[in-house]
Structures are given as structure tokens and as C-alpha cells.
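Asks: Here's a structure for you.
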Amino acid sequence: MESEKDYVILRKTITTLSTSFILAYLLTITGLVQQLTDGEELSYHTGNDMAGWFLVYLFYVGAVIAVYGNFVSVILDAIRKKWLPNMRWLFVFFHGILGLINGLFFQDTYLAYYGMAAAMLYACIDWWVERRIDRGKSTKALLIIPLILLLLSWSILEAISPSLPPFTKEDAIEFATSGEGTDIDLFPAKVGT
């Protein structure tokens, strides 16, 4: 590593990406499982729906972690290294406490618990990444495994979701003539014309 600054940037980037992917994946799968346990049927292209929600969660969670999470983590890391070098568990605990702030700010207890769990997951992953980098080991698995899980889940859900019903000539005529007071009124209203 060239400098301490480069080391911290690399570590926090890996931690942010992997934590964001894991949390977005868990939120997406939780929503899908909840939909299925409520007795709802699978929609057409459920895998695409899952991938879309994954991106929504990824951008939201990733932005919060990239801005707030990294800011808090760098400060806590500096405090830990200066005054409490052997108290890594305290570092994880304070991450969890500061992760509650979003929920308290928006006065939503579920958001507070999710924030606390996400912050503690972030701290644990950061701890693991730091140990891996210090020992000269690779951290690629932490970035690749969530992508593999996402692709595997997407392909399984696409395979088991019902296919779209065929689009018949009658459906096409009905769709094309459904407008009123437009140029579509001139379109033939029956098949074969």
C-alpha cells in the first residue's frame, strides 16, 4: 500500500460495495418472500422485478453508506486506533449505535433497527477486510459472491415465473382501437379488414 490514505480508501470502498450489495440483496429477497407468504402469485418476469428492486435498494443503501457510513466509520476508526487499539468489538458496537440515528431522525423504529443492523454488518465486514488486506489475502470473494447470488436468483426466478400469455390478433385490434376521439378511430375494428 502506498500510504495510509490509500489503504483506508481501498478498505472503505470494498466494505461499502460489499455491504451495499448484501443489504440490497437481503431487502429484495425479503420483499419477494413476503409477497409469496401473503399468498400472491408470481408476476411475469419475477427475476426482472427482483433485479429492478435490487437496483433501487442498492442506490439508496449505497448512497447512505457511502456518505454517512464512511464518514462515521473513518472517525470511529481513527478514535479506535488512537485510544482503543485492542477494543475492536467496541468499534462494532459504536457503529450500531450511530446506525440508529437515521431511524431516530425519521422517527421510525424499524428504520432505526435496519440502520443499526446495517452499520454493524458494515463494521464486521470492514474488520474482516482490514484483516484480509493486512495479511495480504484477496478480498475479491466478498465482491463476487453477492453478484453470483444475484445472477443465480435472477435466473431461477425467471425460470419459475409464469410466461406471458400470447398476444393474439384480436388483442392487437382491441389495443389499437381502444382510444376515442383520435386518429385511432379510423383503424379497422375487426380482424381481416
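Just remember, in the C-alpha cells the first chain shown is A, the second B, etc., residues are 1-based per chain, and ligands are 1-based in the order shown.
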Identify, on the basis of only C-alpha atoms, every residue whose closest approach to range 118-133 of chain A does not exceed 10 Å; exclude the query and any residue fewer than 3 positions from it along the same chain; express the result as a count of residues only.
Replies: 44
Asks: Residues of range 2-193 of chain A in alpha helix (DSSP H) according to DSSP, as an NGL selection string?
Replies: :A and (4-37 or 46-64 or 70-83 or 88-99 or 101-105 or 109-134 or 140-160 or 169-176)
Asks: Can you list every residue of range 10-58 of chain A that has an atom at most 12 Å from range 153-172 of chain A, with its nearest atom pair and the distance in Å to one decimal, using only C-alpha atoms, ordered by chain then number, as a Markdown table?
Replies:
```
| residue | atom | partner | partner_atom | distance |
| --- | --- | --- | --- | --- |
| A:Tyr25 | CA | A:Ser153 | CA | 9.7 |
| A:Leu26 | CA | A:Ser153 | CA | 11.6 |
| A:Thr28 | CA | A:Ser153 | CA | 10.6 |
| A:Ile29 | CA | A:Ser153 | CA | 9.0 |
| A:Leu32 | CA | A:Leu157 | CA | 10.3 |
| A:Val33 | CA | A:Leu157 | CA | 11.9 |
| A:Glu41 | CA | A:Ser161 | CA | 9.2 |
| A:Leu42 | CA | A:Ser161 | CA | 6.0 |
| A:Ser43 | CA | A:Ser161 | CA | 6.6 |
| A:Tyr44 | CA | A:Pro162 | CA | 5.5 |
| A:His45 | CA | A:Glu158 | CA | 5.5 |
| A:Thr46 | CA | A:Leu157 | CA | 5.7 |
| A:Gly47 | CA | A:Trp154 | CA | 4.4 |
| A:Asn48 | CA | A:Trp154 | CA | 6.9 |
| A:Asp49 | CA | A:Trp154 | CA | 9.0 |
| A:Met50 | CA | A:Trp154 | CA | 7.0 |
| A:Ala51 | CA | A:Trp154 | CA | 6.8 |
| A:Gly52 | CA | A:Trp154 | CA | 10.4 |
| A:Trp53 | CA | A:Trp154 | CA | 11.6 |
| A:Phe54 | CA | A:Trp154 | CA | 10.4 |
```
Asks: Kindly give the distance, in Å, that separates CA of Asn102 in chain A and CA of Tyr60 in chain A, rounded to a single decimal.
Replies: 13.0 Å
Asks: Looking at A:Ala141, A:Gln107, A:Phe21, A:Ile173, which one is nearest to Ala63 in chain A, with distances taken over only C-alpha atoms?
Replies: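 Looking at the shortest contact to Ala63 in chain A, the residue is A:Phe21.
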